[in-house]
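Coordinates from model32.cif are shown below (mmCIF, C-alpha atoms and all ligand atoms).
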```cif
data_my_file
loop_
_atom_site.label_atom_id
_atom_site.label_comp_id
_atom_site.auth_asym_id
_atom_site.auth_seq_id
_atom_site.Cartn_x
_atom_site.Cartn_y
_atom_site.Cartn_z
CA MET S 962 22.77 -42.33 -9.94
CA SER S 963 20.16 -44.65 -8.51
CA ILE S 964 17.32 -43.20 -6.52
CA GLY S 965 14.72 -44.72 -4.29
CA THR S 966 17.05 -46.69 -2.05
CA GLU S 967 18.47 -43.87 0.07
CA LYS S 968 17.52 -43.64 3.69
CA THR S 969 15.09 -40.82 4.39
CA GLU S 970 16.11 -38.71 7.36
CA SER S 971 12.91 -38.63 9.39
CA PRO S 972 12.34 -36.34 12.32
CA ILE S 973 12.14 -38.65 15.30
CA HIS S 974 10.35 -36.22 17.61
CA LEU S 975 7.13 -35.71 15.60
CA ARG S 976 3.85 -37.60 15.49
CA LYS S 977 2.44 -38.52 12.08
CA GLU S 978 -0.05 -35.61 11.94
CA GLU S 979 2.63 -33.09 12.92
CA LEU S 980 4.94 -34.54 10.34
CA ILE S 981 2.37 -34.01 7.59
CA ASN S 982 1.31 -30.56 8.81
CA LEU S 983 4.86 -29.26 8.98
CA GLY S 984 5.90 -31.11 5.82
CA SER S 985 8.82 -32.47 7.80
CA PHE S 986 10.42 -34.84 5.32
CA TYR S 987 14.12 -34.35 5.78
CA THR S 988 16.56 -34.40 2.90
CA SER S 989 19.34 -36.97 2.53
CA ASP S 990 22.93 -35.89 1.90
CA GLU S 991 22.89 -36.93 -1.73
CA TYR S 992 20.37 -34.19 -2.62
CA VAL S 993 21.88 -31.66 -0.20
CA GLU S 994 25.09 -32.14 -2.15
CA ILE S 995 23.37 -31.25 -5.43
CA VAL S 996 22.27 -27.94 -3.89
CA TRP S 997 25.80 -27.18 -2.69
CA ASN S 998 27.25 -28.04 -6.10
CA PHE S 999 24.95 -25.38 -7.58
CA ILE S 1000 25.73 -22.67 -5.04
CA ARG S 1001 29.44 -23.20 -4.26
CA PRO S 1002 30.61 -21.09 -7.24
CA LEU S 1003 28.32 -18.24 -6.11
CA ILE S 1004 29.77 -17.86 -2.63
CA ASN S 1005 32.11 -15.03 -1.63
CA SER S 1006 33.14 -13.53 1.71
CA ASN S 1007 30.01 -11.38 1.64
CA THR S 1008 27.62 -14.30 1.39
CA VAL S 1009 24.93 -15.45 3.79
CA VAL S 1010 23.50 -18.91 3.24
CA PHE S 1011 20.07 -19.24 4.84
CA ASP S 1012 17.75 -22.23 5.25
CA PRO S 1013 14.44 -20.80 6.52
CA ALA S 1014 12.91 -24.24 7.23
CA CYS S 1015 16.03 -26.16 8.20
CA GLY S 1016 14.77 -29.10 10.30
CA TYR S 1017 17.83 -30.84 11.74
CA GLY S 1018 20.06 -28.65 9.59
CA ALA S 1019 20.86 -31.11 6.80
CA PHE S 1020 21.69 -28.24 4.43
CA LEU S 1021 23.90 -26.39 6.91
CA LYS S 1022 26.58 -28.99 7.57
CA GLU S 1023 28.84 -27.84 4.73
CA LYS S 1024 32.12 -26.08 5.63
CA THR S 1025 32.17 -22.74 3.82
CA ILE S 1026 33.36 -19.16 4.15
CA ALA S 1027 29.74 -18.01 3.99
CA LYS S 1028 27.84 -17.06 7.12
CA LYS S 1029 25.19 -19.73 7.77
CA ILE S 1030 21.74 -19.15 9.22
CA GLY S 1031 19.02 -21.67 9.97
CA ASN S 1032 15.42 -21.24 11.03
CA ASP S 1033 12.53 -23.58 11.74
CA ILE S 1034 9.11 -23.24 13.30
CA ASP S 1035 9.79 -26.50 15.12
CA LYS S 1036 11.71 -25.71 18.31
CA LYS S 1037 12.80 -29.28 18.98
CA ALA S 1038 14.22 -29.58 15.47
CA ILE S 1039 16.30 -26.45 16.07
CA GLU S 1040 17.63 -27.85 19.34
CA LYS S 1041 18.74 -30.97 17.51
CA ALA S 1042 20.20 -28.94 14.64
CA LYS S 1043 22.35 -26.99 17.12
CA LEU S 1044 23.90 -30.26 18.26
CA ILE S 1045 24.57 -31.45 14.71
CA THR S 1046 25.94 -28.30 13.07
CA GLY S 1047 28.42 -26.02 14.78
CA ASP S 1048 28.97 -22.65 13.16
CA VAL S 1049 25.34 -21.78 12.39
CA ILE S 1050 23.10 -19.05 13.83
CA TYR S 1051 19.63 -20.40 14.51
CA PHE S 1052 16.18 -18.84 14.84
CA ASN S 1053 12.85 -20.30 15.78
CA TYR S 1054 10.30 -18.26 13.81
CA ASN S 1055 7.35 -19.03 11.66
CA ALA S 1056 9.18 -18.09 8.44
CA LEU S 1057 5.93 -17.18 6.67
CA THR S 1058 5.43 -14.22 9.01
CA VAL S 1059 8.92 -12.70 8.69
CA LEU S 1060 9.37 -10.69 5.51
CA SER S 1061 12.51 -8.74 6.42
CA ARG S 1062 16.19 -9.64 6.35
CA GLU S 1063 16.73 -7.59 9.49
CA THR S 1064 14.97 -10.05 11.81
CA TYR S 1065 17.57 -12.66 10.88
CA GLY S 1066 20.49 -10.23 11.15
CA ILE S 1067 21.07 -10.26 7.39
CA LYS S 1068 22.32 -6.94 5.97
CA ASP S 1069 21.02 -5.39 2.75
CA SER S 1070 24.57 -5.50 1.41
CA ASP S 1071 24.92 -9.26 2.03
CA ARG S 1072 24.69 -11.63 -0.89
CA LEU S 1073 21.81 -13.80 0.29
CA ILE S 1074 21.52 -17.38 -0.93
CA ILE S 1075 18.44 -19.23 0.27
CA ILE S 1076 18.68 -23.02 0.31
CA GLY S 1077 16.77 -25.99 1.61
CA ASN S 1078 13.65 -28.03 1.17
CA PRO S 1079 10.75 -25.92 2.41
CA PRO S 1080 7.51 -27.74 3.19
CA TYR S 1081 4.88 -28.28 0.54
CA ASN S 1082 1.39 -28.92 1.57
CA ASP S 1083 -1.57 -28.18 -0.65
CA THR S 1084 -4.21 -26.98 1.81
CA THR S 1085 -7.02 -27.65 -0.67
CA SER S 1086 -5.90 -31.14 -1.58
CA GLN S 1087 -8.53 -33.83 -1.27
CA ALA S 1088 -6.17 -36.53 -0.12
CA LYS S 1089 -5.39 -36.54 3.59
CA LYS S 1090 -7.90 -33.77 4.12
CA ARG S 1091 -8.40 -34.65 7.76
CA VAL S 1092 -4.79 -34.12 8.83
CA LYS S 1093 -3.90 -31.33 6.46
CA ARG S 1094 -4.94 -28.35 8.54
CA LEU S 1095 -2.63 -25.37 8.58
CA GLN S 1096 -1.17 -24.97 12.04
CA PHE S 1097 0.35 -21.53 11.64
CA GLN S 1098 -0.28 -18.00 10.42
CA VAL S 1099 0.73 -16.92 6.93
CA GLU S 1100 1.42 -13.27 6.16
CA GLU S 1101 -1.31 -11.88 3.87
CA LYS S 1102 1.07 -11.18 0.95
CA LEU S 1103 2.24 -14.78 0.95
CA LYS S 1104 -1.09 -16.54 1.22
CA THR S 1105 -1.93 -19.15 -1.44
CA ARG S 1106 -3.36 -22.65 -1.30
CA ASP S 1107 0.08 -24.27 -1.03
CA ILE S 1108 2.60 -23.24 1.61
CA GLY S 1109 5.45 -24.24 -0.70
CA ILE S 1110 4.34 -21.52 -3.10
CA SER S 1111 4.13 -19.11 -0.14
CA PHE S 1112 7.78 -19.89 0.64
CA LEU S 1113 8.84 -19.01 -2.90
CA ARG S 1114 6.98 -15.72 -2.62
CA LEU S 1115 8.72 -15.09 0.70
CA PHE S 1116 12.12 -15.30 -0.99
CA TYR S 1117 11.17 -12.34 -3.17
CA TYR S 1118 10.38 -10.22 -0.08
CA LEU S 1119 13.66 -11.28 1.56
CA LYS S 1120 15.38 -10.04 -1.63
CA ALA S 1121 17.34 -13.25 -2.01
CA ASP S 1122 20.09 -12.99 -4.63
CA TYR S 1123 19.88 -16.72 -5.32
CA VAL S 1124 17.44 -19.41 -4.32
CA CYS S 1125 18.41 -23.07 -4.52
CA ILE S 1126 15.72 -25.33 -3.13
CA LEU S 1127 13.75 -28.51 -3.71
CA HIS S 1128 10.10 -28.02 -4.68
CA PRO S 1129 7.37 -29.81 -6.64
CA LEU S 1130 7.88 -29.38 -10.38
CA SER S 1131 4.17 -28.64 -10.62
CA TYR S 1132 4.80 -25.08 -9.30
CA LEU S 1133 6.50 -24.28 -12.58
CA ILE S 1134 4.76 -26.42 -15.14
CA LYS S 1135 1.11 -26.02 -14.11
CA ARG S 1136 -0.05 -22.67 -15.41
CA ALA S 1137 -2.37 -22.03 -12.47
CA ASN S 1138 0.48 -22.60 -10.00
CA PHE S 1139 2.91 -20.58 -12.07
CA ARG S 1140 0.54 -17.61 -11.83
CA LEU S 1141 0.44 -18.00 -8.04
CA LEU S 1142 4.22 -17.67 -7.85
CA LYS S 1143 3.93 -13.99 -8.66
CA PRO S 1144 5.91 -11.82 -7.65
CA PHE S 1145 8.65 -14.48 -7.40
CA ASN S 1146 8.47 -15.47 -11.07
CA GLU S 1147 8.58 -11.82 -12.16
CA ASN S 1148 11.88 -11.26 -10.38
CA TYR S 1149 13.74 -14.56 -10.60
CA ILE S 1150 14.84 -16.83 -13.37
CA LEU S 1151 15.40 -20.58 -13.36
CA LYS S 1152 19.11 -21.03 -14.12
CA ASP S 1153 19.62 -24.73 -13.51
CA GLY S 1154 17.85 -27.72 -12.02
CA VAL S 1155 17.63 -31.48 -11.62
CA ILE S 1156 14.40 -33.44 -11.31
CA ILE S 1157 14.10 -36.24 -8.75
CA SER S 1158 11.17 -38.40 -7.65
CA SER S 1159 9.13 -37.68 -4.52
CA ARG S 1160 9.51 -41.36 -3.69
CA VAL S 1161 12.88 -40.65 -2.11
CA PHE S 1162 11.10 -38.69 0.65
CA LYS S 1163 8.07 -40.69 1.50
CA LYS S 1164 7.34 -44.31 1.33
CA THR S 1165 4.66 -43.45 -1.18
CA SER S 1166 3.09 -45.92 -3.53
CA LYS S 1167 4.06 -45.62 -7.15
CA SER S 1168 0.67 -44.12 -7.99
CA SER S 1169 1.22 -41.03 -5.85
CA GLU S 1170 4.78 -40.38 -6.99
CA PHE S 1171 5.42 -36.88 -8.35
CA PRO S 1172 8.42 -34.96 -9.70
CA ILE S 1173 10.44 -32.60 -7.52
CA ILE S 1174 12.95 -30.17 -8.93
CA ILE S 1175 16.17 -29.13 -7.21
CA ALA S 1176 16.11 -25.67 -8.73
CA LEU S 1177 18.59 -22.80 -8.83
CA TYR S 1178 17.03 -19.36 -9.32
CA GLU S 1179 18.82 -16.08 -9.82
CA LYS S 1180 17.40 -12.64 -9.15
CA ASN S 1181 16.71 -11.08 -12.51
CA ARG S 1182 14.93 -7.92 -13.56
CA THR S 1183 12.86 -9.46 -16.34
CA GLY S 1184 11.97 -12.60 -14.43
CA MET S 1185 10.50 -15.52 -16.36
CA ASP S 1186 7.19 -16.03 -18.11
CA TYR S 1187 5.41 -19.29 -18.81
CA GLU S 1188 6.90 -19.43 -22.33
CA TYR S 1189 10.33 -19.54 -20.72
CA ILE S 1190 9.23 -22.59 -18.71
CA ARG S 1191 7.63 -24.21 -21.76
CA ASN S 1192 10.92 -24.01 -23.61
CA TYR S 1193 13.16 -24.77 -20.66
CA LYS S 1194 15.26 -27.93 -21.01
CA PHE S 1195 14.54 -29.83 -17.82
CA LYS S 1196 17.11 -32.40 -16.74
CA THR S 1197 16.34 -35.44 -14.60
CA ILE S 1198 18.64 -37.22 -12.19
CA GLU S 1199 18.49 -40.25 -14.51
CA GLY S 1200 20.15 -38.13 -17.20
CA LYS S 1201 17.05 -37.49 -19.31
CA VAL S 1202 16.23 -34.09 -20.84
CA PHE S 1203 12.85 -32.78 -21.99
CA ARG S 1204 10.93 -29.62 -22.81
CA LEU S 1205 7.19 -29.11 -22.37
CA SER S 1206 7.12 -27.62 -25.85
CA ASP S 1207 8.42 -30.87 -27.33
CA TYR S 1208 4.91 -32.32 -27.01
CA ASP S 1209 1.32 -31.83 -28.01
CA TYR S 1210 -1.40 -32.30 -25.38
CA ILE S 1211 -4.94 -33.64 -25.20
CA GLY S 1212 -6.15 -30.26 -23.87
CA ASN S 1213 -5.64 -28.90 -27.39
CA TYR S 1214 -8.38 -31.22 -28.67
CA ILE S 1215 -10.98 -31.71 -25.93
CA ASN S 1216 -12.47 -30.00 -22.90
CA LYS S 1217 -10.68 -31.15 -19.78
CA TYR S 1218 -13.05 -29.54 -17.30
CA PRO S 1219 -16.84 -29.34 -16.98
CA ARG S 1220 -18.36 -26.19 -18.45
CA LYS S 1221 -20.51 -24.31 -15.98
CA SER S 1222 -23.07 -23.23 -18.56
CA GLU S 1223 -23.66 -26.66 -20.02
CA THR S 1224 -26.51 -28.90 -18.94
CA ILE S 1225 -26.02 -32.63 -19.04
CA ARG S 1226 -28.78 -34.71 -20.58
CA GLU S 1227 -29.70 -38.32 -20.01
CA ARG S 1228 -28.21 -39.61 -23.29
CA ASP S 1229 -24.92 -37.70 -23.05
CA LEU S 1230 -21.64 -39.58 -22.92
CA LEU S 1231 -19.61 -38.46 -19.92
CA PHE S 1232 -15.97 -38.48 -18.91
CA TYR S 1233 -14.19 -37.64 -15.69
CA THR S 1234 -12.37 -34.27 -15.41
CA LEU S 1235 -8.82 -34.42 -16.77
CA ARG S 1236 -6.20 -32.68 -14.66
CA ASP S 1237 -2.85 -34.24 -15.37
CA ILE S 1238 -1.23 -37.63 -15.91
CA ASN S 1239 -1.00 -38.36 -12.19
CA ALA S 1240 -4.68 -37.54 -11.67
CA LEU S 1241 -5.58 -39.88 -14.53
CA LYS S 1242 -3.81 -42.68 -12.66
CA ARG S 1243 -6.23 -42.26 -9.76
CA ASN S 1244 -9.43 -41.22 -11.52
CA ARG S 1245 -12.06 -42.91 -13.56
CA THR S 1246 -12.49 -42.29 -17.30
CA PHE S 1247 -15.94 -42.91 -18.88
CA LEU S 1248 -18.80 -42.19 -16.47
CA HIS S 1249 -22.30 -43.57 -16.53
CA LYS S 1250 -23.90 -41.07 -14.18
CA PRO S 1251 -23.52 -37.28 -14.03
CA THR S 1252 -21.30 -35.95 -11.22
CA SER S 1253 -19.82 -32.52 -10.56
CA ASN S 1254 -16.63 -33.77 -12.21
CA ALA S 1255 -18.34 -34.99 -15.36
CA VAL S 1256 -17.36 -33.51 -18.70
CA ARG S 1257 -19.85 -33.89 -21.53
CA ILE S 1258 -18.31 -35.71 -24.48
CA ASN S 1259 -18.83 -34.15 -27.87
CA PRO S 1260 -19.51 -37.31 -29.97
CA ASP S 1261 -17.27 -35.97 -32.78
CA GLN S 1262 -14.38 -36.10 -30.34
CA LEU S 1263 -15.02 -39.59 -28.98
CA ASP S 1264 -11.73 -40.91 -30.40
CA PHE S 1265 -9.82 -38.60 -28.09
CA TYR S 1266 -11.64 -39.86 -25.02
CA VAL S 1267 -10.96 -43.42 -26.08
CA TYR S 1268 -7.34 -42.35 -26.40
CA VAL S 1269 -7.28 -41.09 -22.79
CA ASP S 1270 -9.02 -44.21 -21.51
CA VAL S 1271 -6.38 -46.40 -23.19
CA PHE S 1272 -3.61 -44.04 -22.06
CA LYS S 1273 -4.65 -44.74 -18.47
CA ASP S 1274 -4.18 -48.48 -18.97
CA PHE S 1275 -0.67 -47.97 -20.35
CA ILE S 1276 0.29 -45.19 -17.95
CA ASN S 1277 3.18 -47.18 -16.46
CA VAL S 1278 5.20 -46.62 -19.63
CA VAL S 1279 5.17 -42.88 -18.87
CA PRO S 1280 8.01 -41.71 -16.59
CA TYR S 1281 7.29 -40.13 -13.18
CA TYR S 1282 8.76 -36.80 -14.33
CA PHE S 1283 5.86 -36.33 -16.80
CA GLY S 1284 3.36 -36.88 -13.95
CA ASN S 1285 2.15 -33.28 -13.69
CA MET S 1286 1.86 -32.75 -17.43
CA ASP S 1287 -1.34 -32.87 -19.42
CA ILE S 1288 -1.91 -36.13 -21.30
CA LEU S 1289 0.53 -36.25 -24.19
CA ILE S 1290 -0.60 -37.02 -27.72
CA ASN S 1291 0.95 -37.10 -31.16
CA LEU S 1292 -1.96 -36.63 -33.52
CA GLU S 1293 -0.33 -37.98 -36.67
CA LEU S 1294 0.89 -41.03 -34.84
CA PHE S 1295 -2.47 -41.55 -33.16
CA LYS S 1296 -4.19 -41.51 -36.57
CA LYS S 1297 -1.80 -44.24 -37.67
CA TYR S 1298 -2.54 -46.45 -34.64
CA ARG S 1299 -6.15 -45.36 -34.04
CA LYS S 1300 -7.78 -48.65 -35.00
CA TYR S 1301 -5.82 -50.49 -32.29
CA PHE S 1302 -6.87 -48.01 -29.63
CA ILE S 1303 -10.50 -48.38 -30.67
CA SER S 1304 -10.19 -52.15 -30.77
CA TYR S 1305 -8.74 -52.23 -27.26
CA ALA S 1306 -11.48 -49.96 -25.89
CA LEU S 1307 -14.26 -51.91 -27.62
CA LYS S 1308 -13.21 -55.04 -25.75
CA LYS S 1309 -13.42 -53.09 -22.52
CA TRP S 1310 -16.56 -50.96 -22.93
CA GLU S 1311 -19.72 -52.48 -24.31
CA PHE S 1312 -21.45 -49.12 -24.77
CA LEU S 1313 -18.84 -48.08 -27.35
CA SER S 1314 -19.95 -50.70 -29.87
CA LYS S 1315 -22.86 -48.58 -31.12
CA HIS S 1316 -20.46 -45.70 -31.81
CA TYR S 1317 -17.92 -47.83 -33.68
CA GLN S 1318 -20.09 -50.20 -35.69
CA ASN S 1319 -17.70 -50.88 -38.54
CA GLN S 1320 -14.61 -51.22 -36.45
CA ASN S 1321 -12.69 -54.50 -36.28
CA CYS S 1322 -11.13 -55.93 -33.16
CA TYR S 1323 -7.52 -57.06 -33.31
CA ASP S 1324 -5.86 -59.74 -31.19
CA ASN S 1325 -2.54 -57.94 -31.22
CA ASP S 1326 -3.83 -54.43 -30.46
CA ILE S 1327 -1.71 -54.19 -27.27
CA ILE S 1328 1.50 -54.69 -29.21
CA TYR S 1329 0.62 -51.82 -31.54
CA ILE S 1330 -0.49 -49.56 -28.72
CA LYS S 1331 2.86 -50.11 -27.00
CA GLN S 1332 4.51 -49.30 -30.30
CA TYR S 1333 2.59 -46.01 -30.36
CA PHE S 1334 3.87 -45.13 -26.88
CA LYS S 1335 7.42 -46.07 -27.83
CA GLU S 1336 7.28 -43.72 -30.78
CA LEU S 1337 5.58 -40.99 -28.75
CA LEU S 1338 7.92 -41.13 -25.74
CA LYS S 1339 11.14 -42.32 -27.41
CA GLU S 1340 13.96 -42.24 -24.80
CA HIS S 1341 11.40 -41.52 -22.08
CA TYR S 1342 9.48 -44.75 -22.60
CA VAL S 1343 9.58 -46.82 -19.40
CA GLU S 1344 10.31 -50.47 -20.22
CA ASP S 1345 9.35 -53.35 -18.01
CA SER S 1346 6.20 -51.68 -16.85
CA GLY S 1347 4.09 -54.77 -16.60
CA SER S 1348 1.17 -53.26 -18.56
C1 LIG S 1401 10.81 -30.75 4.23
S1 LIG S 1401 11.35 -30.33 5.87
C2 LIG S 1401 12.96 -29.85 5.48
C3 LIG S 1401 13.91 -29.77 6.62
C4 LIG S 1401 15.38 -29.64 6.21
N1 LIG S 1401 15.60 -28.45 5.39
C5 LIG S 1401 15.79 -30.87 5.45
O1 LIG S 1401 15.67 -30.89 4.23
O2 LIG S 1401 16.23 -31.84 6.08
C6 LIG S 1401 10.44 -28.88 6.14
C7 LIG S 1401 10.70 -28.16 7.42
O3 LIG S 1401 9.93 -26.97 7.40
C8 LIG S 1401 9.55 -26.66 8.71
N2 LIG S 1401 8.45 -25.70 8.64
C9 LIG S 1401 7.16 -25.92 8.28
N3 LIG S 1401 6.46 -24.80 8.28
C10 LIG S 1401 7.32 -23.80 8.65
C11 LIG S 1401 7.19 -22.41 8.84
N4 LIG S 1401 6.02 -21.81 8.64
N5 LIG S 1401 8.29 -21.70 9.22
C12 LIG S 1401 9.47 -22.32 9.41
N6 LIG S 1401 9.64 -23.63 9.26
C13 LIG S 1401 8.59 -24.37 8.88
C14 LIG S 1401 9.22 -28.01 9.31
O4 LIG S 1401 9.27 -27.96 10.72
C15 LIG S 1401 10.31 -28.89 8.68
O5 LIG S 1401 11.43 -28.99 9.52
#
```
If you took the structure in this file and wrote it as structure tokens, what would it be?
Amino acid sequence: MSIGTEKTESPIHLRKEELINLGSFYTSDEYVEIVWNFIRPLINSNTVVFDPACGYGAFLKEKTIAKKIGNDIDKKAIEKAKLITGDVIYFNYNALTVLSRETYGIKDSDRLIIIGNPPYNDTTSQAKKRVKRLQFQVEEKLKTRDIGISFLRLFYYLKADYVCILHPLSYLIKRANFRLLKPFNENYILKDGVIISSRVFKKTSKSSEFPIIIALYEKNRTGMDYEYIRNYKFKTIEGKVFRLSDYDYIGNYINKYPRKSETIRERDLLFYTLRDINALKRNRTFLHKPTSNAVRINPDQLDFYVYVDVFKDFINVVPYYFGNMDILINLELFKKYRKYFISYALKKWEFLSKHYQNQNCYDNDIIYIKQYFKELLKEHYVEDSGS
């Protein structure tokens, strides 16, 4: 299936700031259909299908024996949804303040399936800081820095039997986010999912593209721990499959973040904080002046920082679905190709020459570096990247 060409259903009644604040990027039928394919086998005459942030009701158009409920904080969206979908009961609440089924007329005995594409909006994010102000209250129990994570927590309090929604993959694969999902992750398990690119929602540039998962969760007494996610076989819409545990990461070899206790001296080599592959796309690598984001380089580990610097220049060979992962490395392979990485970096950074005095430079280093990435990424290597 090709992605990136579908029309995005945009709310026509919102100004740009409102659109960003409410996370109102509507979902096209192609992805709605994936959700319904997951949930159709789970529906019986006792089922309620509920989209708590339904916009124009894209997810509620399906004909089904289930009772359908929609809700949105945006009154105008609900008015429009009523015109588009017939047999749906609508509410106009701030979903992050309603923690009971009762308010929506859902009985304890109903099999509740929550669907949709709730908003995601990292309230601490640096980008778009001026427009990203929260416009609504969030119940204390649900509060975190990202309202998308708050929505997942909400589903635990609504005692959903199944949850099938679109959300950033980073909620699962970044440990810090995964911790914030509690108590959702302690009571639900990821049963199935397909990864798509955020580019289908926003006309974003390639550099700010990130992976979104259409995920099916089932209520489960043991829940899931991070090991479960590490070993989970993620599928992408392009038909690729990967596990986090298939790879080794740079964080196993170097400090990714500045250490509070450490003082930086004049002669220290410095490197920018390393968050994930997408952050590396945007950020600098070697630094010449201390900043609050500067990590002190242990000279014994300089090879690894050279590795990251070169990785950045070849980042287009890495697929979008690895965007929120730490920088991948295969140590054995890197040892084999090391001299080409060093050669490439020496041509770029004059200051490195005193650290690599006996190192040759090679004309064909780029060819070998690409070969490294082909062997590292195998079927995930992105051809035709232009780097
Ligand atoms: C990504 S859109 C999805 C809409 C629809 N489900 C779709 O995919 O076409 C997110 C929706 O969440 C709504 N929303 C944002 N914050 C909300 C809140 N606190 N309570 C209820 N709805 C909210 C927005 O108004 C917007 O319609």
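Of note, CA of Tyr1268 in chain S and CA of Tyr1298 in chain S are spaced 10.4 Å apart.
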**Prompt:** Which is closer to Leu1119 in chain S than all the others in S:Leu1142, S:Leu1060, S:Ile1157, S:Ile1050, using only C-alpha atoms?
**Reply:**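 Of the candidates, the smallest distance to Leu1119 in chain S is held by S:Leu1060.
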**Asked** Which residues sit within 9 Å of ligand LIG 1401 (chain S), counting all atoms listed in the file, listed as a ChimeraX atom specification?
**Response** /S:970-972,979-980,982-990,992-993,1012-1021,1031-1036,1038-1039,1053-1058,1076-1081,1096-1099,1108,1112,1127,1162
**Item:** Å distance separating CA of Lys1037 in chain S from CA of Glu1100 in chain S, one decimal place
**Value:** 23.5 Å
**Asked** Within 12 Å of Tyr1189 in chain S, counting only C-alpha atoms, which residues qualify if same-chain residues fewer than 3 places away don't, as a VMD selection string?
**Response** chain S and resid 1133 to 1134 1139 1146 to 1147 1149 to 1152 1183 to 1186 1192 to 1195 1204 to 1206
**Request:** Determine the nearest neighbour of Asn1138 in chain S from the options S:Ile1110, S:Leu1289, S:Leu1338, S:Ile995, counting only C-alpha atoms.
**Result:** S:Ile1110
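Of note, CA of Val1124 in chain S and CA of Ile1075 in chain S are spaced 4.7 Å apart.
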Please identify every residue of range 1226-1270 of chain S that has at least one atom no farther than 8 Å from an atom of range 1278-1284 of chain S, counting only C-alpha atoms, and for each give the shortest atom pair and the distance in Å to one decimal, arranged by chain then increasing number, as a Markdown table.
```
| residue | atom | partner | partner_atom | distance |
| --- | --- | --- | --- | --- |
| S:Asp1237 | CA | S:Gly1284 | CA | 6.9 |
| S:Ile1238 | CA | S:Gly1284 | CA | 5.0 |
| S:Asn1239 | CA | S:Gly1284 | CA | 4.9 |
```
Mind completing range 1058-1073 of chain S with N, CA and C atoms? Output as a PDB file, in the coordinates of the input, please?
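selection_16.pdb, written as the output of this step:
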```pdb
ATOM      1  N   THR S1058       5.877 -15.489   8.421  1.00  0.00           N
ATOM      2  CA  THR S1058       5.430 -14.220   9.010  1.00  0.00           C
ATOM      3  C   THR S1058       6.569 -13.195   9.054  1.00  0.00           C
ATOM      4  N   VAL S1059       7.765 -13.602   8.621  1.00  0.00           N
ATOM      5  CA  VAL S1059       8.920 -12.700   8.690  1.00  0.00           C
ATOM      6  C   VAL S1059       9.370 -12.322   7.285  1.00  0.00           C
ATOM      7  N   LEU S1060       9.067 -11.090   6.881  1.00  0.00           N
ATOM      8  CA  LEU S1060       9.370 -10.690   5.510  1.00  0.00           C
ATOM      9  C   LEU S1060      10.612  -9.801   5.392  1.00  0.00           C
ATOM     10  N   SER S1061      11.339  -9.621   6.503  1.00  0.00           N
ATOM     11  CA  SER S1061      12.510  -8.740   6.420  1.00  0.00           C
ATOM     12  C   SER S1061      13.803  -9.489   6.737  1.00  0.00           C
ATOM     13  N   ARG S1062      14.877  -9.071   6.081  1.00  0.00           N
ATOM     14  CA  ARG S1062      16.190  -9.640   6.350  1.00  0.00           C
ATOM     15  C   ARG S1062      16.646  -9.320   7.768  1.00  0.00           C
ATOM     16  N   GLU S1063      16.249  -8.138   8.216  1.00  0.00           N
ATOM     17  CA  GLU S1063      16.730  -7.590   9.490  1.00  0.00           C
ATOM     18  C   GLU S1063      16.511  -8.548  10.673  1.00  0.00           C
ATOM     19  N   THR S1064      15.318  -9.141  10.707  1.00  0.00           N
ATOM     20  CA  THR S1064      14.970 -10.050  11.810  1.00  0.00           C
ATOM     21  C   THR S1064      15.995 -11.172  11.958  1.00  0.00           C
ATOM     22  N   TYR S1065      16.584 -11.579  10.841  1.00  0.00           N
ATOM     23  CA  TYR S1065      17.570 -12.660  10.880  1.00  0.00           C
ATOM     24  C   TYR S1065      18.999 -12.130  10.940  1.00  0.00           C
ATOM     25  N   GLY S1066      19.148 -10.821  11.093  1.00  0.00           N
ATOM     26  CA  GLY S1066      20.490 -10.230  11.150  1.00  0.00           C
ATOM     27  C   GLY S1066      21.212 -10.267   9.804  1.00  0.00           C
ATOM     28  N   ILE S1067      20.444 -10.254   8.723  1.00  0.00           N
ATOM     29  CA  ILE S1067      21.070 -10.260   7.390  1.00  0.00           C
ATOM     30  C   ILE S1067      21.055  -8.820   6.861  1.00  0.00           C
ATOM     31  N   LYS S1068      22.219  -8.328   6.428  1.00  0.00           N
ATOM     32  CA  LYS S1068      22.320  -6.940   5.970  1.00  0.00           C
ATOM     33  C   LYS S1068      21.873  -6.820   4.508  1.00  0.00           C
ATOM     34  N   ASP S1069      21.420  -5.624   4.137  1.00  0.00           N
ATOM     35  CA  ASP S1069      21.020  -5.390   2.750  1.00  0.00           C
ATOM     36  C   ASP S1069      22.175  -5.639   1.781  1.00  0.00           C
ATOM     37  N   SER S1070      23.389  -5.357   2.278  1.00  0.00           N
ATOM     38  CA  SER S1070      24.570  -5.500   1.410  1.00  0.00           C
ATOM     39  C   SER S1070      25.037  -6.953   1.286  1.00  0.00           C
ATOM     40  N   ASP S1071      24.505  -7.850   2.110  1.00  0.00           N
ATOM     41  CA  ASP S1071      24.920  -9.260   2.030  1.00  0.00           C
ATOM     42  C   ASP S1071      24.388  -9.911   0.753  1.00  0.00           C
ATOM     43  N   ARG S1072      25.198 -10.816   0.230  1.00  0.00           N
ATOM     44  CA  ARG S1072      24.690 -11.630  -0.890  1.00  0.00           C
ATOM     45  C   ARG S1072      23.940 -12.811  -0.262  1.00  0.00           C
ATOM     46  N   LEU S1073      22.635 -12.794  -0.400  1.00  0.00           N
ATOM     47  CA  LEU S1073      21.810 -13.800   0.290  1.00  0.00           C
ATOM     48  C   LEU S1073      21.479 -14.978  -0.634  1.00  0.00           C
TER      49      LEU S1073
END
```
